[in-house]
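Peer 1: Contents of start_4.txt (compact mmCIF, C-alpha atoms) are below:
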# COMPACT_ATOMS: atom_id res chain seq x y z
CA MET A 19 26.74 2.74 -4.53
CA ILE A 20 28.94 -0.11 -3.30
CA THR A 21 27.58 -1.12 0.08
CA ARG A 22 29.28 -4.51 0.46
CA PHE A 23 32.10 -3.20 2.59
CA ILE A 24 30.11 -1.01 4.95
CA THR A 25 29.56 -2.54 8.38
CA ASP A 26 28.12 0.31 10.33
CA VAL A 27 25.98 3.33 9.50
CA THR A 28 25.02 5.82 12.18
CA THR A 29 22.94 8.82 11.26
CA ARG A 30 21.41 11.57 13.26
CA PHE A 31 19.28 14.31 11.79
CA ASN A 32 16.35 16.59 12.28
CA PRO A 33 13.85 15.76 9.51
CA PHE A 34 12.39 19.27 9.67
CA SER A 35 15.67 20.77 8.52
CA ALA A 36 16.39 21.05 4.82
CA ARG A 37 19.98 20.01 5.52
CA ALA A 38 18.88 16.52 6.51
CA LYS A 39 18.18 15.65 2.90
CA SER A 40 21.48 13.98 2.09
CA ALA A 41 21.46 11.87 5.26
CA ARG A 42 17.94 10.68 4.53
CA LEU A 43 18.71 9.92 0.93
CA PHE A 44 21.81 7.98 1.98
CA LEU A 45 19.60 5.72 4.10
CA SER A 46 17.32 5.13 1.14
CA PHE A 47 20.33 4.07 -0.95
CA LEU A 48 21.12 1.09 1.28
CA PRO A 49 19.91 -2.15 -0.29
CA PRO A 50 16.92 -4.07 1.12
CA THR A 51 19.19 -6.85 2.37
CA ALA A 52 21.55 -4.48 4.18
CA ARG A 53 20.50 -5.43 7.70
CA SER A 54 20.25 -9.14 7.03
CA SER A 55 23.75 -9.15 5.54
CA GLY A 56 25.21 -7.81 8.74
CA MET A 57 25.18 -4.03 8.43
CA ASN A 58 24.30 -2.14 11.57
CA ILE A 59 22.11 0.85 10.83
CA THR A 60 21.29 3.25 13.62
CA THR A 61 19.15 6.29 13.06
CA GLN A 62 18.41 8.95 15.58
CA LEU A 63 15.75 11.52 14.84
CA LEU A 64 16.21 14.87 16.50
CA PRO A 65 13.22 16.89 17.66
CA ARG A 66 11.96 19.64 15.45
CA THR A 67 13.37 22.53 17.49
CA SER A 68 16.87 21.10 17.63
CA THR A 69 19.59 22.94 15.79
CA GLN A 70 22.21 20.20 15.96
CA PRO A 71 23.85 19.47 12.62
CA SER A 72 22.90 16.25 10.90
CA SER A 73 25.66 13.68 10.93
CA LEU A 74 26.55 10.52 9.06
CA HIS A 75 29.10 8.11 10.46
CA ILE A 76 30.20 5.12 8.37
CA LYS A 77 32.50 2.24 9.30
CA PHE A 78 34.06 -0.07 6.76
CA LYS A 79 35.16 -3.69 6.94
CA ASP A 80 38.82 -2.75 7.07
CA GLY A 81 38.19 -0.58 10.11
CA LYS A 82 38.17 2.79 8.38
CA GLU A 83 35.73 5.24 9.82
CA MET A 84 34.25 8.07 7.86
CA LYS A 85 32.55 11.07 9.34
CA LEU A 86 30.72 12.86 6.61
CA ASP A 87 29.41 16.37 6.87
CA CYS A 88 25.83 16.09 5.64
CA GLU A 89 25.19 19.78 6.08
CA ALA A 90 27.46 20.88 3.27
CA MET A 91 27.67 17.77 1.08
CA GLY A 92 24.99 16.67 -1.31
CA ILE A 93 24.07 13.05 -1.76
CA LYS A 94 26.20 12.79 -4.88
CA SER A 95 29.39 13.84 -3.17
CA ILE A 96 28.66 11.58 -0.20
CA VAL A 97 28.20 8.59 -2.50
CA GLU A 98 31.37 9.54 -4.34
CA GLU A 99 33.32 9.75 -1.11
CA VAL A 100 32.03 6.39 0.14
CA ASP A 101 32.60 4.70 -3.20
CA ARG A 102 36.16 5.96 -3.37
CA HIS A 103 37.08 3.84 -0.39
CA SER A 104 34.77 0.96 -1.31
CA ARG A 105 36.36 0.62 -4.74
CA MET A 106 39.74 0.27 -3.12
CA LEU A 107 38.44 -2.48 -0.87
CA GLN A 108 36.80 -4.15 -3.82
CA LYS A 109 40.06 -4.14 -5.73
CA GLU A 110 41.82 -5.80 -2.81
CA ALA A 111 39.04 -8.35 -2.47
CA ASP A 112 39.19 -9.15 -6.17
CA LEU A 113 42.98 -9.61 -6.03
CA ALA A 114 42.67 -11.87 -2.99
CA ALA A 115 39.99 -13.98 -4.67
CA ALA A 116 41.98 -14.40 -7.89
CA MET B 21 -17.09 15.65 -33.57
CA PRO B 22 -20.45 15.99 -35.30
CA PRO B 23 -23.09 13.38 -34.50
CA ARG B 24 -23.20 10.34 -36.71
CA LEU B 25 -26.36 9.90 -38.73
CA ARG B 26 -27.31 6.61 -40.25
CA CYS B 27 -28.43 6.79 -43.83
CA ALA B 28 -28.41 4.69 -46.95
CA VAL B 29 -25.09 4.18 -48.67
CA PRO B 30 -25.00 6.37 -51.77
CA ARG B 31 -24.72 4.29 -54.93
CA GLY B 32 -23.22 6.70 -57.38
CA LEU B 33 -21.30 9.52 -55.80
CA GLY B 34 -20.40 10.93 -59.17
CA SER B 35 -23.98 11.91 -59.84
CA VAL B 36 -24.25 14.20 -56.83
CA ASN B 37 -24.43 17.85 -57.67
CA PRO B 38 -21.07 19.27 -56.52
CA SER B 39 -22.49 22.74 -55.83
CA ARG B 40 -24.54 21.39 -52.93
CA ILE B 41 -21.65 19.71 -51.17
CA SER B 42 -19.56 21.73 -48.80
CA THR B 43 -17.63 19.14 -46.82
CA ARG B 44 -16.45 15.62 -47.36
CA SER B 45 -18.71 14.16 -44.73
CA ALA B 46 -21.67 15.80 -46.38
CA VAL B 47 -20.92 13.76 -49.47
CA LEU B 48 -21.56 10.60 -47.55
CA LEU B 49 -24.71 11.94 -46.02
CA LEU B 50 -26.39 13.06 -49.18
CA PRO B 51 -28.49 10.65 -51.17
CA SER B 52 -27.14 9.68 -54.59
CA ALA B 53 -29.90 11.19 -56.69
CA PRO B 54 -32.02 14.19 -55.71
CA THR B 55 -35.36 12.41 -55.56
CA PRO B 56 -38.44 14.32 -54.38
CA VAL B 57 -38.62 12.22 -51.16
CA ALA B 58 -35.00 12.90 -50.25
CA ALA B 59 -35.42 16.61 -50.85
CA ALA B 60 -38.32 16.76 -48.41
CA ARG B 61 -36.34 15.17 -45.60
CA GLN B 62 -34.00 17.44 -43.66
CA TYR B 63 -30.94 16.04 -41.94
CA ALA B 64 -28.65 17.90 -39.58
CA THR B 65 -25.62 17.74 -41.79
CA ALA B 66 -22.13 18.60 -40.68
CA ALA B 67 -22.35 21.91 -42.49
CA ALA B 68 -25.50 22.99 -40.66
CA PHE B 69 -24.43 21.77 -37.22
CA LYS B 70 -21.46 23.71 -35.98
CA LEU B 71 -20.20 24.08 -32.42
CA PRO B 72 -19.44 27.60 -31.19
CA ALA B 73 -15.76 28.47 -31.38
CA ASP B 74 -15.34 28.86 -27.62
CA TYR B 75 -17.52 25.93 -26.65
CA VAL B 76 -16.12 23.91 -23.74
CA PRO B 77 -17.56 20.46 -23.13
CA PRO B 78 -18.85 20.29 -19.55
CA THR B 79 -17.13 16.95 -19.00
CA LYS B 80 -13.76 18.27 -20.04
CA PRO B 81 -13.07 21.65 -18.42
CA PRO B 82 -9.83 23.41 -19.39
CA THR B 83 -6.81 22.41 -17.34
CA ALA B 84 -3.34 23.80 -16.77
CA ARG B 85 -1.70 20.43 -17.24
CA PRO B 86 -2.85 17.50 -19.38
CA SER B 87 -5.74 16.01 -17.46
CA ASP B 88 -5.61 12.50 -18.84
CA THR B 89 -2.17 11.59 -17.59
CA ARG B 90 -1.64 9.34 -14.62
CA LYS B 91 0.26 12.05 -12.74
CA SER B 92 -2.59 14.55 -12.99
CA GLN B 93 -5.11 12.07 -11.72
CA LEU B 94 -2.73 11.11 -8.92
CA LEU B 95 -2.49 14.78 -8.02
CA ARG B 96 -6.27 14.97 -7.80
CA THR B 97 -6.30 11.89 -5.59
CA TYR B 98 -3.78 13.46 -3.26
CA THR B 99 -5.58 16.79 -3.00
CA SER B 100 -8.84 15.09 -2.12
CA LEU B 101 -6.99 12.87 0.34
CA LEU B 102 -5.40 15.90 2.00
CA ARG B 103 -8.70 17.73 2.20
CA SER B 104 -10.60 14.82 3.67
CA THR B 105 -8.07 13.16 5.95
CA PRO B 106 -7.47 14.75 9.36
CA LEU B 107 -4.62 12.49 10.43
CA ILE B 108 -1.66 11.66 8.24
CA LEU B 109 1.58 10.14 9.49
CA ILE B 110 4.57 10.47 7.18
CA PHE B 111 7.12 7.68 7.03
CA GLN B 112 10.32 7.32 5.13
CA HIS B 113 10.62 3.80 3.74
CA ASN B 114 14.06 2.56 2.87
CA ASN B 115 13.78 -0.17 0.25
CA LEU B 116 11.12 -2.41 1.72
CA THR B 117 10.41 -5.50 -0.31
CA ALA B 118 6.87 -6.48 -1.25
CA VAL B 119 6.67 -9.24 1.36
CA GLU B 120 7.86 -6.82 4.02
CA TRP B 121 5.16 -4.34 3.04
CA ALA B 122 2.58 -7.12 3.28
CA ALA B 123 3.83 -8.09 6.74
CA VAL B 124 3.84 -4.48 7.94
CA ARG B 125 0.29 -3.91 6.71
CA ARG B 126 -0.88 -7.17 8.26
CA GLU B 127 0.53 -6.28 11.68
CA LEU B 128 -0.89 -2.78 11.45
CA ARG B 129 -4.33 -4.15 10.66
CA ILE B 130 -4.16 -6.56 13.60
CA ALA B 131 -3.10 -3.82 16.00
CA LEU B 132 -5.81 -1.41 14.82
CA GLY B 133 -8.39 -4.20 15.02
CA LYS B 134 -7.58 -4.71 18.69
CA VAL B 135 -8.52 -1.17 19.69
CA SER B 136 -11.84 -1.13 17.85
CA THR B 137 -15.13 -2.83 18.63
CA GLU B 138 -17.42 -4.21 15.94
CA GLY B 139 -20.21 -2.00 14.65
CA THR B 140 -18.95 1.28 16.07
CA ASP B 141 -17.13 4.26 14.63
CA SER B 142 -13.83 2.83 15.75
CA ALA B 143 -14.30 -0.22 13.53
CA GLU B 144 -14.92 2.19 10.66
CA VAL B 145 -11.67 4.01 11.40
CA THR B 146 -9.82 0.69 11.38
CA SER B 147 -11.28 -0.43 8.10
CA LYS B 148 -10.48 2.87 6.38
CA ALA B 149 -6.93 3.24 7.74
CA GLN B 150 -4.42 2.91 4.95
CA LEU B 151 -0.66 2.75 4.65
CA GLN B 152 0.31 3.77 1.15
CA VAL B 153 3.45 4.69 -0.70
CA ILE B 154 3.22 8.14 -2.24
CA ARG B 155 4.93 9.94 -5.07
CA THR B 156 6.79 12.58 -3.11
CA ARG B 157 6.90 15.39 -5.64
CA ILE B 158 3.26 15.05 -6.61
CA PHE B 159 2.28 14.97 -2.94
CA ASP B 160 4.29 18.15 -2.49
CA VAL B 161 2.35 19.87 -5.28
CA ALA B 162 -0.92 18.60 -3.82
CA LEU B 163 -0.04 20.12 -0.44
CA LYS B 164 0.63 23.45 -2.14
CA ILE B 165 -2.70 23.36 -3.97
CA VAL B 166 -4.61 22.49 -0.81
CA GLU B 167 -3.01 25.31 1.11
CA PHE B 168 -2.72 28.15 -1.41
CA HIS B 169 -5.61 27.59 -3.81
CA ASP B 170 -8.97 28.83 -2.61
CA PRO B 171 -11.65 27.57 -5.04
CA SER B 172 -14.24 30.05 -3.77
CA LYS B 173 -12.16 33.04 -4.89
CA VAL B 174 -11.89 32.11 -8.55
CA ALA B 175 -13.59 34.53 -10.94
CA PRO B 176 -16.04 33.03 -13.46
CA THR B 177 -15.16 32.84 -17.15
CA THR B 178 -17.52 33.38 -20.05
CA VAL B 179 -17.92 30.55 -22.53
CA SER B 180 -20.52 29.60 -25.11
CA SER B 181 -23.03 26.91 -24.42
CA LEU B 182 -24.08 24.36 -27.02
CA SER B 183 -26.73 26.66 -28.43
CA GLY B 184 -24.35 29.59 -28.71
CA GLU B 185 -25.47 31.57 -25.67
CA LYS B 186 -22.83 33.07 -23.42
CA VAL B 187 -22.75 31.52 -19.96
CA GLN B 188 -20.61 32.12 -16.90
CA VAL B 189 -18.71 29.10 -15.65
CA VAL B 190 -16.24 28.83 -12.78
CA TYR B 191 -13.25 26.61 -13.41
CA ASN B 192 -11.76 26.20 -9.96
CA HIS B 193 -10.81 22.53 -9.91
CA ASP B 194 -7.37 21.43 -8.79
CA LEU B 195 -5.93 21.09 -12.27
CA SER B 196 -7.27 24.45 -13.41
CA LYS B 197 -5.18 27.39 -14.51
CA ALA B 198 -6.44 29.35 -11.51
CA ALA B 199 -5.06 26.74 -9.12
CA TYR B 200 -1.77 26.67 -10.97
CA LYS B 201 -1.45 30.44 -10.89
CA SER B 202 -2.32 30.84 -7.22
CA VAL B 203 0.19 28.15 -6.24
CA LYS B 204 2.89 29.72 -8.40
CA ALA B 205 2.19 33.16 -6.98
CA ALA B 206 2.45 31.88 -3.41
CA THR B 207 5.58 29.79 -3.73
CA THR B 208 7.83 31.46 -6.28
CA GLY B 209 9.60 34.78 -6.21
CA ASP B 210 11.52 36.51 -3.46
CA VAL B 211 8.68 36.57 -0.98
CA PRO B 212 9.29 33.80 1.56
CA LEU B 213 6.43 31.58 2.63
CA PRO B 214 4.47 33.02 5.55
CA GLU B 215 5.51 31.69 8.96
CA SER B 216 2.05 30.36 9.57
CA SER B 217 1.89 28.30 6.40
CA ALA B 218 1.70 24.59 7.05
CA TYR B 219 3.31 23.93 3.70
CA GLY B 220 6.44 25.81 4.73
CA GLU B 221 6.70 23.62 7.81
CA ILE B 222 6.04 20.31 6.12
CA SER B 223 8.00 20.81 2.90
CA PRO B 224 11.43 19.83 4.33
CA LEU B 225 9.93 16.48 5.26
CA LEU B 226 9.01 15.67 1.69
CA VAL B 227 12.30 14.22 0.62
CA GLY B 228 13.13 10.75 -0.57
CA PRO B 229 10.84 7.72 -0.61
CA LEU B 230 7.76 8.37 1.50
CA ALA B 231 4.75 6.43 2.68
CA ILE B 232 1.76 7.82 4.52
CA LEU B 233 -0.57 6.29 7.04
CA THR B 234 -3.99 7.89 6.80
CA LEU B 235 -6.65 7.61 9.47
CA PRO B 236 -10.13 8.96 8.65
CA ALA B 237 -10.58 10.47 12.12
CA VAL B 238 -8.38 11.87 14.87
CA SER B 239 -8.58 8.93 17.19
CA PRO B 240 -5.72 8.83 19.72
CA ALA B 241 -6.43 5.18 20.52
CA HIS B 242 -5.89 4.13 16.92
CA LEU B 243 -2.91 6.42 16.60
CA ALA B 244 -1.35 4.88 19.70
CA ALA B 245 -1.92 1.38 18.32
CA ALA B 246 -0.34 2.33 15.01
CA LEU B 247 2.61 3.99 16.74
CA SER B 248 3.26 0.99 18.96
CA VAL B 249 3.54 -1.18 15.86
CA LEU B 250 5.28 1.11 13.40
CA SER B 251 7.62 3.06 15.65
CA PRO B 252 7.52 1.58 19.17
CA SER B 253 8.99 3.63 22.01
CA PRO B 254 8.83 1.58 25.21
CA PRO B 255 7.28 3.60 28.03
CA ALA B 256 4.28 5.06 26.23
CA PHE B 257 3.96 2.94 23.10
CA PRO B 258 5.44 -0.50 23.74
CA ALA B 259 5.71 -3.00 20.90
CA PRO B 260 3.18 -5.85 21.15
CA SER B 261 4.38 -8.71 23.32
CA LYS B 262 5.84 -11.81 21.76
CA LYS B 263 3.34 -14.10 23.45
CA LYS B 264 0.25 -12.21 22.32
CA ASN B 265 1.41 -11.39 18.84
CA PRO B 266 4.09 -13.75 17.53
CA GLY B 267 3.59 -12.52 13.97
CA TYR B 268 5.08 -9.17 14.91
CA TYR B 269 8.39 -10.86 15.66
CA ASP B 270 8.48 -12.66 12.34
CA PRO B 271 11.88 -11.83 10.79
CA ILE B 272 10.28 -10.49 7.63
CA ALA B 273 7.97 -8.17 9.56
CA GLN B 274 10.81 -7.02 11.79
CA ALA B 275 12.96 -6.25 8.76
CA GLY B 276 10.08 -4.18 7.43
CA PHE B 277 9.61 -2.22 10.65
CA GLN B 278 13.32 -1.47 10.87
CA LYS B 279 13.22 0.15 7.47
CA LEU B 280 10.20 2.35 8.21
CA MET B 281 11.04 5.63 9.84
CA LEU B 282 8.42 8.01 11.19
CA VAL B 283 9.49 11.53 10.27
CA GLY B 284 6.42 13.58 11.09
CA GLY B 285 2.70 13.96 10.88
CA ARG B 286 -0.06 16.25 9.74
CA ILE B 287 -2.96 16.34 12.16
CA GLU B 288 -5.91 18.67 11.53
CA ASP B 289 -3.84 20.82 9.12
CA LYS B 290 -1.09 21.25 11.67
CA VAL B 291 2.37 19.78 11.36
CA PHE B 292 3.80 17.70 14.18
CA ASP B 293 7.18 16.11 14.68
CA LEU B 294 7.78 12.72 16.30
CA ASP B 295 7.20 14.01 19.83
CA GLY B 296 4.10 15.92 18.79
CA VAL B 297 2.63 12.81 17.19
CA LYS B 298 3.37 10.85 20.34
CA TRP B 299 1.71 13.55 22.41
CA VAL B 300 -1.46 13.28 20.31
CA GLY B 301 -1.32 9.49 20.58
CA GLY B 302 -1.04 9.81 24.35
CA ILE B 303 -4.28 11.76 24.83
CA GLU B 304 -6.28 9.61 27.22
CA GLY B 305 -9.83 8.86 26.19
CA GLY B 306 -9.61 10.63 22.86
CA LEU B 307 -11.24 13.87 21.79
CA ASP B 308 -14.31 13.36 23.98
CA ALA B 309 -12.17 13.41 27.10
CA LEU B 310 -10.52 16.62 25.92
CA ARG B 311 -13.92 18.21 25.34
CA ALA B 312 -15.09 17.14 28.80
CA GLN B 313 -11.97 18.72 30.29
CA LEU B 314 -12.65 21.96 28.44
CA VAL B 315 -16.27 22.07 29.57
CA HIS B 316 -15.20 21.45 33.15
CA MET B 317 -12.60 24.18 32.95
CA LEU B 318 -15.07 26.68 31.51
CA GLN B 319 -17.66 25.83 34.15
CA THR B 320 -15.28 26.32 37.05
CA ALA B 321 -13.92 29.47 35.47
CA GLY B 322 -17.49 30.78 35.14
CA LEU B 323 -18.18 30.14 38.78
CA GLY B 324 -15.01 31.90 39.76
CA LEU B 325 -15.81 34.81 37.48
CA THR B 326 -19.26 35.40 38.93
CA SER B 327 -17.93 35.28 42.46
CA VAL B 328 -15.14 37.71 41.54
CA LEU B 329 -17.53 40.14 39.87
CA GLU B 330 -19.95 39.84 42.73
CA GLY B 331 -17.13 40.30 45.21
CA ALA B 332 -16.11 43.71 43.84
CA SER B 333 -19.57 45.20 44.14
CA LYS B 334 -20.11 43.50 47.45
CA SER B 335 -16.92 44.92 48.93
CA LEU B 336 -17.76 48.36 47.54
CA TRP B 337 -21.16 48.19 49.17
CA LEU B 338 -19.63 47.04 52.44
CA THR B 339 -17.05 49.87 52.47
CA LEU B 340 -19.67 52.47 51.66
CA GLU B 341 -21.97 51.03 54.26
CA SER B 342 -19.27 51.10 56.93
CA ARG B 343 -18.25 54.61 55.92
CA ARG B 344 -21.86 55.70 56.17
CA SER B 345 -22.23 54.24 59.58
CA VAL B 346 -19.03 56.00 60.67
CA LEU B 347 -20.31 59.31 59.25
CA ASP B 348 -23.64 58.76 60.88
CA GLU B 349 -22.00 58.21 64.22
CA GLU B 350 -19.92 61.38 63.79
CA GLN B 351 -23.00 63.39 62.87
CA ASN B 352 -25.06 61.91 65.61
CA GLY B 353 -22.51 62.87 68.23
CA GLY B 354 -24.50 66.17 68.45
CA LYS B 355 -27.93 65.22 67.16
CA GLU B 356 -29.31 62.21 68.99
CA GLY B 357 -32.83 62.51 67.69
CA GLU B 358 -31.97 62.32 64.01
CA LYS B 359 -29.86 59.17 64.52
CA LYS B 360 -32.86 57.27 65.71
CA GLU B 361 -34.84 58.24 62.60
CA GLU B 362 -32.03 57.38 60.18
CA SER B 363 -31.05 54.09 61.68
CA SER B 364 -34.60 52.80 61.64
Please lay out the structure from this file as structure tokens.

Peer 2:
Amino acid sequence: MITRFITDVTTRFNPFSARAKSARLFLSFLPPTARSSGMNITTQLLPRTSTQPSSLHIKFKDGKEMKLDCEAMGIKSIVEEVDRHSRMLQKEADLAAA
Amino acid sequence: MPPRLRCAVPRGLGSVNPSRISTRSAVLLLPSAPTPVAAARQYATAAAFKLPADYVPPTKPPTARPSDTRKSQLLRTYTSLLRSTPLILIFQHNNLTAVEWAAVRRELRIALGKVSTEGTDSAEVTSKAQLQVIRTRIFDVALKIVEFHDPSKVAPTTVSSLSGEKVQVVYNHDLSKAAYKSVKAATTGDVPLPESSAYGEISPLLVGPLAILTLPAVSPAHLAAALSVLSPSPPAFPAPSKKKNPGYYDPIAQAGFQKLMLVGGRIEDKVFDLDGVKWVGGIEGGLDALRAQLVHMLQTAGLGLTSVLEGASKSLWLTLESRRSVLDEEQNGGKEGEKKEESS
């Protein structure tokens, strides 16, 4: 997953729900240097009895915000969705550098 | 494998009578020439010594999965851990580096050391507390085995002993076929897991990279210390102050703590979420205080109960007594003489 262009990750989930899987796996995909390289990661754990849907909110360097529906999407489709935008940014960055 | 017997190297194998040789190893065992001395001596040759067909070595009981792989032994470690550890906190760790792990463990050890005094049980709890990364899927299987496999209900199987006698042996270890079957029967098929099963509650937690903190006793003081380090929440479990513990605010340690996420806990075979774990950590004075409260409650309840039971009979007696006196007065309206006798 390309994480260079992500500036902000906000997740909220109930770990006792099976639907929280993709949100949790997304957090584990962020590299070890994510926080030190300026990414803001906020996680809110819901109590066990809560029925609120798990949410994943991502902001990119160019200001694009993505609200991903973790309930229905698996981790693969989330990564695909994030990478789709990141690749575009990477292309622009490469052109600017050249 | 038959036992190895030391004997002289045969000089001329060609001279051995082929009719006497049944196996290749017997060739090596037999002396070269049938001398009278050699004939008198009797060796347990491979042909004479044969293991029974269904002999099972006692050190290698049959298993459902290969027992000598690392995964199987890890599974056994986890089952014994789950059976023996009353307090397990489950964390998700998101790509901690080795130095961050070291810093996290160091701070945890310092915090646990502060709540224990030398030479007591609490020091023992501190020394045995462990924060370890687990293999999630294998831990999941171990939880299933611990919950659904009852070793005491396994029927014995008949195998041959070394001498050929039939003996009854129970193979109920965690890698056995019985364990495998009982777990499969409980978790597969259309029948959903029972509501009361702890595995059903904890299984959604077992996703992604996990680490567990194990404490060898349910000690709220130690739990509170661990919580204040690993997932501080200011009013009840504040993070250690910067003045007292500067190492906690080391950037490496802080990076480590940010990546650890407490998702739940298993305390005395029950599953708790974050708030439940905090509640257990907030028990003042530990288990002893809880027991004292219970004893106090039972004592006061007992006192109340006796007075209530006494009260019913007492009031009955009082009513009957008053009724009797009223009846007596009514009767004695006419007969004055009798009243004096009765009331005396």

Peer 1: Could you tell me which residues of chain B sit within 12 Å of chain A when counting all atoms listed in the file, and give me the result as number ranges by chain?

Peer 2: B: 110-121, 219-230, 251, 271-272, 274-285, 291-298

Peer 1: If I take CA of Val328 in chain B and CA of Gln313 in chain B, how far is one from the other in Å, to one decimal?

Peer 2: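 Taking CA of Val328 in chain B and CA of Gln313 in chain B, their separation equals 22.3 Å.
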
Peer 1: Taking into account all atoms listed in the file, which residue in the set B:Lys334, B:Arg96, B:Arg103, B:Lys290 is nearest to His193 in chain B?

Peer 2: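 Closest to His193 in chain B, using all atoms listed in the file: B:Arg96.
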
Peer 1: So how far away is CA of Val161 in chain B from CA of Ser87 in chain B, in Å?

Peer 2: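 Between CA of Ser87 in chain B and CA of Val161 in chain B the gap works out to 15.1 Å.
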
Peer 1: Compile the contact shell of range 23-29 of chain A as a PyMOL selection string: residues with an atom at most 6 Å away, counting only C-alpha atoms, same-chain residues fewer than 3 positions apart removed.

Peer 2: chain A and resi 57-61+73-79

Peer 1: Could you tell me how far CA of Pro266 in chain B sits from CA of Ala143 in chain B, in Å to one decimal place?

Peer 2: 23.2 Å

Peer 1: As a short mmCIF file (atom, residue, chain, number, x, y, z; two decimals) with C-alpha atoms, in the coordinates of the input, please: the residues near Ile232 in chain B (cut-off 8 Å, all atoms listed in the file, same-chain neighbours under 6 positions excluded).

Peer 2:
data_model
loop_
_atom_site.label_atom_id
_atom_site.label_comp_id
_atom_site.auth_asym_id
_atom_site.auth_seq_id
_atom_site.Cartn_x
_atom_site.Cartn_y
_atom_site.Cartn_z
CA ILE B 108 -1.66 11.66 8.24
CA LEU B 109 1.58 10.14 9.49
CA ILE B 110 4.57 10.47 7.18
CA PHE B 111 7.12 7.68 7.03
CA GLN B 150 -4.42 2.91 4.95
CA LEU B 151 -0.66 2.75 4.65
CA GLN B 152 0.31 3.77 1.15
CA VAL B 153 3.45 4.69 -0.70
CA ILE B 154 3.22 8.14 -2.24
#

Peer 1: Pick from B:Leu323, B:Ser181, B:Leu318, B:Ala131: nearest to Ser261 in chain B, with all atoms listed in the file counted?

Peer 2: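 Among B:Leu323, B:Ser181, B:Leu318, B:Ala131, it is B:Ala131 that comes nearest to Ser261 in chain B.
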
Peer 1: Taking all atoms listed in the file into account, name the residue in A:Ala90, A:Ala41, A:Ala116, A:Met84 that is nearest to Ser104 in chain A.

Peer 2: A:Met84

Peer 1: Find the spatial neighbours of range 105-109 of chain A, counting all atoms listed in the file, within a cut-off of 10 Å - ignore same-chain residues fewer than 4 positions away - and output them as a tab-separated table (two decimals) with C-alpha atoms, keeping the file's coordinate frame.

Peer 2:
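Final file, result36.tsv:
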chain	number	residue	atom	x	y	z
A	19	MET	CA	26.74	2.74	-4.53
A	20	ILE	CA	28.94	-0.11	-3.30
A	22	ARG	CA	29.28	-4.51	0.46
A	23	PHE	CA	32.10	-3.20	2.59
A	78	PHE	CA	34.06	-0.07	6.76
A	79	LYS	CA	35.16	-3.69	6.94
A	80	ASP	CA	38.82	-2.75	7.07
A	100	VAL	CA	32.03	6.39	0.14
A	101	ASP	CA	32.60	4.70	-3.20
A	113	LEU	CA	42.98	-9.61	-6.03
A	114	ALA	CA	42.67	-11.87	-2.99
A	115	ALA	CA	39.99	-13.98	-4.67
